[in-house]
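Please read the structure below before turning to the comments.
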Amino acid sequence: MSSSLASSSNLDGSDDTSPQQKQSKKPKYSRFTQQELPACKPLLTPGIVIGIFALVAVLFIPIGLASLSASEAVVEVIDRYDADCVPNDMHGKELDFIQNSSTNKTCTRRLTIPKTMKSPVHIYYELDNFYQNHRRYVKSRSDKQLLQPSKEAETKVCAPEGNTPDGKPIVPCGLIAWSLFNDTYQFSINSDSIQVNKKNIAWASDRSHKFSKDVYPKNFQKGALIGGGKLNESIPLSEQEDLIVWMRTAALPTFRKLYGRIEKDLNANEEITVVIENNYNTYSFGGQKKLVLSTATWIGGKNNFLGVAYLTVGGLCLSLVLAFIVLYLFKPRY
Amino acid sequence: MARTGRRKRDRLRWSKLYTFSCLRPSVQLETSDTGTASLGGPGFSRVVHCNQPRLHYKKPLKYPTNYISTTKYNIITFLPKAIFEQFRRVANLYFLMAAILSLTPVAPFSAVSMIAPLAFVVGLSMAKEALEDWRRFMQDMKVNSRKVSVHRSDGLFGYKHWEKLRVGDVVKVEKDQFFPADLLLLSSSYEDGICYVETMNLDGETNLKVKRSLEVTLPLDEDEVFKEFKGVIRCEDPNPSLYTFVGNLEYERQVYAIDPTQILLRDSKLRNTQYIYGVVIFTGHDTKVMQNSTDSPSKRSRIERQMDKIIYILFSVLVLISLISSIGFAVNIKYYMHNWWFLQPDDKDNKLYNPKTPAISGLIHLITALILYGYLIPISLYVSIEVVKVVQAMFINQDLQMYDEEAGIPAQARTSNLNEELGQVHTILSDKTGTLTCNQMDFLKCSIAGISYGVGSSEVEMAAAKHMASHSDFGTSEIEIEPSTPITPVFERVRKSTIKGFSFEDDRLMNGNWTQEQNSGTILMFFRILALCHTAIPELNEETGGFNYEAESPDEGAFLVAAREFGFEFCKRTQSSVFIRERYSPSEGPIEREFKVLNLLEFNSKRKRMSVIVRDESGQTLLLCKGADSIIFERLSKNGRTYEVDTTRHLSEYGEAGLRTLALSYRVLEESEYLAWNAEFVKAKTSIGADREAQLERVAELMEKDLILVGATAVEDKLQRGVPQCIDRLAQAGLKIWVLTGDKMETAINIGYACSLLRQGMKQICLSTAPSDPTQQDAKKIFLLSEQAAKENLSLQMSNALQMVKLERDPHAAFALIIDGKGLTHALQDDLKDRFLELAIECASVICCRVSPKQKALVTRLVKEGVGKTTLAIGDGANDVGMIQEADIGVGISGVEGMQAVMASDFSISQFRFLERLLVVHGHWCYKRIAQMICYFFYKNIAFGLTIFYFEAYAAFSGQSVYDDWYMLLFNVVLTSLPVISLGAFEQDVSSEVCLQFPALYQQGPKNLFFDWSRILGWMGNGLYSSLVLYFLSISIFSSESAFRSDGQTADMAAVGTAMFTCIIWAVNIQIALTMSHFTWIQHLCVWGSIASWYLFLVAYGTASPLISGNAFQILVEALGPASIYWISTLLIAVVCNLPYLVHISYQRACNPLDHHVIQEIKYYKKDLEDHDMWKRERSKARQKTKIGFTARVEAKIRHLKGRLHKKLPSITIQTVS
């Protein structure tokens, strides 16, 4: 007579408490569901804080020094020629000069090599105020057309330079190709001409996968407006490396593009004669044109900024190390 | 009709026992019923053809089926409705617009890169919606497919699914089954058509209610008679009022009025009755219960609401920079465009860039810019938060420490969108019965003839004692000096008895030993009162051979079990007698005695007592009475007061121990006296009229006087396990706890003591309307007047109390506010409620008793709106639904009582004590996780989005992005989503044990330390800084002016964009690694995996056809990978981006650490193991100042003792001097 229920209200009549269900409702134990997974809990203790800053300092200062010295090792010769290559009588009428196809655009410049430049010496042209990153410009190209001969009519995306006025598709179409840079440079030292290697100035993958060797220029620069350079219609696009380089639009309005390489050391104080065909119109938007000769190291061209930035951050961290040591000494928590 | 006496079962005419509630004049006066007059009119048009459900198959009598559905969608409406829901979010709508516009040339991105993430995000949210709705559907199906016995035809009954039930069906419901629909009670297994109903699911009341059929339908109590049964019910239309019903029954050419006592409501349960027959009146959504169910309001957490504001800020920033952009664009178009021959500005199709119409171009560009800078608004924020919350909810559901082994119910997060709100709770509003207490009574002590029996101690005493012991380190000496400390030395009493309802331990009374006691005669009377004075019926338990008792209240059940254990087993009740098996010693066999029950004057809340008049075998007539002590004491005879003093002392002791007490008394009646009284009583009983009840009461009053006090009982209203401890910890976590109960004030105060919400020395402010004189209540005018007076009185009480609280100088003084329902009705009125709230906030604990469900909701609203902080309501019954829905967070106790509260709740737990873990552990974690996650989200999108803007300045504001479309598409959806989700789901600042040991850590939530504006703006500032560093350093290093590789190539836009994007990926992922303080393999995988996945993507994307990847073809392998500058710049920029944050957190930790920093460090150095004292010190420091809970109680006690000690010492010295 011992076990019994005291009152009716304790009777559980709800229909979901059968023993089987009890079993199934019990959550299964796992360290994941109980949020008890082993964890590392790093903590910014004084030692670690000082350690981190010290590590950054120790790491950054050498890198900074290395990249600064690499940058210093680069020899660069820059020659702005857009103004000087306009005949004296055409000053103030630069546009007329450049747009007139009959004027003589040849111009000779002399450059002095300040320090010995080991081969290869990269030749760049630099433009400024040229918005290759403008949306209208960037969009105006047809990758399909460049890659597949069958898709040469895919020029819709190339507007406004898709088709010739009589409706034939332009290959390569689009504003980018149409505005191809067309100044040329010829180098000589003491009237010995220097070979400029124009091979391999574009990415290998571009040549092999993006610009087909079966696509040839067609109807290019045949419209009412002539933009930039013309293309030899017997050479497939994959070998038109100037075009390929040009078609890699630059991110900023001031940019350099690779023109070619001189595979010959240039000695200090040598004078180089450059014969420039000044064809490209930068006068209408006031852009400068520069010819650049530069060597390259492991960090590329001249780039002091990187080294300076590294040194600054490294130095800053060094001073933070000191600051925190002082802080921990004067305000100890324990 | 000629079947009387056909089946003589052991039926009872209960109407004879119940004096007040059941006996009604047998004549039905349907003409006087005002309700019937309007039948057939508007609102009262329902016609039910009983037993002819076919008539309801077609219009106009076609009513809805009994199928219920609580789902939000169905298969057809799901898509449109769910999509509509999704696009009600401003951010989503914005992205939808952007996606639509991306199909036009205005868009800066390809259409797929806009549509894909949107589809992904919306699809995921909708999948979640669908899953939740599916769960609801399954729940509905479970209910719909319950079975009930229905009359098919020719007197045959068969089982049917609930959903198949139609209006007019006759159903037979058996014991402990739920009613499938709203029924008209026809007859029951009792001869007089009574049945007992448990309405817990409707109103949360646990006591059984009596329903009674019409006299005329009484013969319909067998299956066969329904062959012929026909009737028509005309009644009101479906409405949500639970306590009213207007209608009549046309049966055998007569019209009978139906009132609510004949109506059985869906979701209530048949108790203590074998079966009933009933006719279905309302089905499905027409039932009162369904009409009552309101759509639970969709709640949004505080953090999410604040997050919306941030999104608006970001929108403003977005619009601002878009405006700047479009102005810049227009200026460029106007002044420079005509010079840019390479763009062919004079082309005739050139609309967007026409130099002649810069304004139009600018306007169109505004749209472009709005889309372009859309990355400021994190598209994946909502969906990530949803994913995180689902994971968090899963953790809550799976937590084994919130799993109730006994009931087999785990905790459940029913809505996952309030997880973080759990970490910000300020006030808890708790129901009492079923929440704090189990609603199970244990007979614990008694006082008989002025001697207290029962050595067991209540849970309250035990808990206090235990706590006292654990505090001995700073209290020992004082306690030892004070020998009269009334704390039972038994700390860990293992309750030996396993008998439910009986925890009494005292050898003096057990096993027949009481016969050796001095006052054995009085003791015998005490036991007889226990065994006789009740309305229960015994039920033989087939398995054990013992008896179960079906009692109206659990107290009564406890008394009967106690009587049985003392040797007075109540074994049988007939119409007129109660049989008791009395056993005076264990060796003797039981003697069965019959007591004739002459009258039963039942309990009601106004009388606060019940009596039986019995005649024993010797012919002696006795009146046995039990009731509230105050009521009994004022009715004692002169010579019945022998034990009054002792008993009073015991009663107050019991009360302090948190026990429920009743006083027992008796009176010996002379035969003549009884007969005279009975005649009057019968007259009163059979009288008809409005004052019948008053007359009965008056007559009963005549008899219940000159009583002789026997003793008192003390029953423990068992607290749920761990409730006092839980309340203590919650109090230490700085939470305020209000108790709202439907119980009477005494009980509520008892429980207040039991839970340490109240203690000795606390100043109690009792607000109640003075009990108006009962004789005055009859007259309506005076009643109204007194209503006004009561209000003024209350207002005065409040002002006085407020003044008292304000003037209190003692910092330790604590106040408790106790208010009853009547008082609340006034206090909640507009003119008083501010003052009431002000007073309530000043008080350490607030207890509201006799509160209606509606008032519970109103109080909740008052706190929620008045205090402006997060409120949490916890309750278990349907009467708590309003409160649960009104509060910011509703928690339902999923236990014995119905599912209503749980269905309305946001979280359900099966025991109150789990609330601690839910709040202090899960709430704390979820709050910090979500807060940090949202901050980080904004940071990363600002850091990324602004770089796009800076680039515009270098691209003539043309709307060109430096990044490939695919990078941007993946940024939010893949590359940075998993780390932030892992932060939101798995971050732990401290472990769960530490959370529980340092409840004060919880205050970081209510104080909103992690999502206040300074922190949000700090993160945004960090994002701005990072964006500047990312863009300008990248641009400076990768300027297109110099080669970036040793073989001389210069970087084109794809290379610059990819390098910059790499830096962003590193910077934001290192940032999140710095934010996290808890790395499991999951976090490692997510953070470092995200970075790795970026490189993997680059390789994969680079190998795809150049038609897809465009200029990104082979970019990593051929162009960037071999360039050392690419890697070096990544290192530099990632470090520079995170340096200030690192300095900031290092400095903060060193100079003004937050609580969790300190704890983390103690744990890190394992100081807690080496230095216990320090750990303890830290722990006690980490408590919130609180005035409730044990700890406060013990401290108050110690203070009190110390105070006494100080007072005593001087007095001693004075004595010695003199």
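Each chain in the structure tokens gets a letter, A, B, ..., in the order shown, and its residues are numbered from 1; ligands are numbered from 1 in order too.
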
Next on the checklist: DSSP on the backbone: which residues in region 197-318 of chain A end up as strand (DSSP E)? Give the answer as a count of residues only.
Outcome noted: 21

Checklist entry - Skipping near chain neighbours, those fewer than 5 positions away, what residues fall within 7 Å of Thr297 (chain A) using only C-alpha atoms, listed as a count of residues only? => result 3

Checklist entry - Smallest atom-to-atom distance to chain A: which of B:Leu1132, B:Ala931, B:Ile1159, B:Ala98, using only C-alpha atoms? => result B:Leu1132

Checklist entry - Which one of B:Ser672, B:Phe949, B:Asp965, B:Val48 sits closest to Leu320 (chain B) if you count only C-alpha atoms? => result B:Phe949

Checklist entry - Residues of region 814-974 of chain B in helix (DSSP H, G or I) according to DSSP, as an NGL selection string? => result :B and (821-827 or 830-842 or 853-867 or 878-886 or 900-904 or 914-954 or 965-974)

Residues of the last selection are to be written out with C-alpha atoms, as a CSV table (one decimal), in the first residue's frame.
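Written file, result_35.csv:
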```csv
chain,number,residue,atom,x,y,z
B,821,GLY,CA,-5.6,41.5,-8.5
B,822,LYS,CA,-8.2,44.0,-7.3
B,823,GLY,CA,-5.4,46.4,-6.5
B,824,LEU,CA,-3.8,45.8,-9.8
B,825,THR,CA,-7.0,46.7,-11.7
B,826,HIS,CA,-6.7,50.1,-10.2
B,827,ALA,CA,-2.9,50.3,-10.3
B,830,ASP,CA,-3.4,55.2,-16.7
B,831,ASP,CA,-3.3,57.7,-13.9
B,832,LEU,CA,-1.8,55.3,-11.4
B,833,LYS,CA,0.4,53.1,-13.4
B,834,ASP,CA,3.5,55.3,-13.5
B,835,ARG,CA,3.5,55.6,-9.8
B,836,PHE,CA,2.9,51.9,-9.4
B,837,LEU,CA,5.8,51.2,-11.8
B,838,GLU,CA,8.1,53.6,-9.9
B,839,LEU,CA,7.3,51.9,-6.7
B,840,ALA,CA,7.7,48.4,-8.1
B,841,ILE,CA,11.1,49.3,-9.5
B,842,GLU,CA,12.3,50.5,-6.1
B,853,PRO,CA,-4.4,36.2,-17.4
B,854,LYS,CA,-5.2,39.5,-19.0
B,855,GLN,CA,-3.6,41.4,-16.1
B,856,LYS,CA,-0.6,39.3,-16.4
B,857,ALA,CA,-0.2,40.5,-19.9
B,858,LEU,CA,-0.9,44.1,-18.9
B,859,VAL,CA,1.7,44.0,-16.1
B,860,THR,CA,4.1,42.6,-18.6
B,861,ARG,CA,3.4,45.4,-21.0
B,862,LEU,CA,3.7,48.0,-18.2
B,863,VAL,CA,7.2,46.7,-17.4
B,864,LYS,CA,8.2,46.3,-21.0
B,865,GLU,CA,7.1,49.8,-22.0
B,866,GLY,CA,7.7,51.6,-18.7
B,867,VAL,CA,11.2,50.3,-18.0
B,878,ALA,CA,-2.8,28.7,-20.9
B,879,ASN,CA,-3.4,31.6,-18.5
B,880,ASP,CA,0.2,32.7,-19.1
B,881,VAL,CA,-0.2,32.9,-22.8
B,882,GLY,CA,-1.0,36.6,-22.9
B,883,MET,CA,2.0,37.3,-20.8
B,884,ILE,CA,4.2,35.1,-22.8
B,885,GLN,CA,3.2,36.7,-26.0
B,886,GLU,CA,3.4,40.2,-24.6
B,900,GLN,CA,-0.8,26.2,-24.8
B,901,ALA,CA,1.9,28.1,-23.1
B,902,VAL,CA,4.6,26.2,-25.0
B,903,MET,CA,2.9,26.8,-28.3
B,904,ALA,CA,2.8,30.5,-27.6
B,914,PHE,CA,16.9,25.5,-16.7
B,915,LEU,CA,16.2,29.2,-17.1
B,916,GLU,CA,19.5,29.9,-15.4
B,917,ARG,CA,21.5,28.1,-18.0
B,918,LEU,CA,19.3,29.4,-20.8
B,919,LEU,CA,20.0,33.0,-19.8
B,920,VAL,CA,23.3,33.0,-18.2
B,921,VAL,CA,25.0,30.6,-20.6
B,922,HIS,CA,23.2,30.5,-23.9
B,923,GLY,CA,21.8,34.0,-23.6
B,924,HIS,CA,25.2,35.5,-22.8
B,925,TRP,CA,26.9,33.6,-25.6
B,926,CYS,CA,24.3,34.3,-28.2
B,927,TYR,CA,24.2,38.0,-27.3
B,928,LYS,CA,27.9,38.3,-27.7
B,929,ARG,CA,28.1,36.2,-30.7
B,930,ILE,CA,25.4,38.0,-32.6
B,931,ALA,CA,26.6,41.4,-31.5
B,932,GLN,CA,30.2,40.7,-32.6
B,933,MET,CA,29.0,39.1,-35.7
B,934,ILE,CA,26.9,42.0,-36.9
B,935,CYS,CA,29.7,44.5,-36.0
B,936,TYR,CA,32.1,42.5,-38.0
B,937,PHE,CA,29.7,42.2,-40.9
B,938,PHE,CA,29.5,45.9,-41.2
B,939,TYR,CA,33.2,46.3,-40.8
B,940,LYS,CA,34.0,43.9,-43.7
B,941,ASN,CA,31.4,45.4,-46.0
B,942,ILE,CA,32.6,48.9,-45.4
B,943,ALA,CA,36.2,47.9,-45.8
B,944,PHE,CA,35.4,46.3,-49.1
B,945,GLY,CA,32.6,48.6,-50.4
B,946,LEU,CA,34.5,51.8,-50.0
B,947,THR,CA,37.5,50.6,-52.0
B,948,ILE,CA,35.1,50.4,-54.9
B,949,PHE,CA,34.2,54.0,-54.3
B,950,TYR,CA,37.8,55.2,-54.1
B,951,PHE,CA,38.6,53.5,-57.4
B,952,GLU,CA,35.8,55.5,-59.0
B,953,ALA,CA,37.7,58.7,-58.4
B,954,TYR,CA,40.5,57.2,-60.5
B,965,ASP,CA,32.4,40.5,-61.1
B,966,TRP,CA,33.0,37.0,-59.8
B,967,TYR,CA,35.2,38.2,-57.0
B,968,MET,CA,32.5,40.5,-55.8
B,969,LEU,CA,29.8,37.9,-56.1
B,970,LEU,CA,31.8,35.5,-54.0
B,971,PHE,CA,33.0,38.0,-51.5
B,972,ASN,CA,29.8,37.9,-49.4
B,973,VAL,CA,28.5,34.6,-50.3
B,974,VAL,CA,31.6,32.4,-50.0
```

Item to check | Å distance separating CA of Asn269 (chain A) from CA of Ile113 (chain A), one decimal place | outcome: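 Calculated distance between CA of Asn269 (chain A) and CA of Ile113 (chain A) is 4.9 Å.
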
Checklist entry - What lies within 9 Å of region 80-93 of chain A using only C-alpha atoms, ignoring chain neighbours under 5 positions off, as an MDAnalysis selection string? => result chainID A and resid 98 105:109 126 276 278 282:283 287:292

Next on the checklist: Select, as a ChimeraX atom specification, those residues of chain B with any atom no more than 6 Å from chain A (distances computed using only C-alpha atoms).
Outcome noted: /B:339-340,342,395,398-399,408,499-501,546,548-551,554,557-558,955,958,960,1040-1046,1052-1053,1077-1080,1125

Checklist entry - Could you name the residues that touch Pro217 (chain A) at 10 Å or less, counting only C-alpha atoms, but leaving out those on the same chain fewer than 6 positions away, as a PyMOL selection string? => result chain A and resi 146+170-173+230-237+240

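Of the residues under consideration (B:Glu1118, B:Glu222, B:Asp182, B:Glu250), B:Glu250 shows the shortest atom-to-atom contact distance to Cys50 (chain B) when counting only C-alpha atoms.
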
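For the residues A:Leu55, A:Ile262, A:Glu271, A:Val215, ranking by smallest atom-to-atom distance to Pro149 (chain A) using only C-alpha atoms places A:Val215 first.
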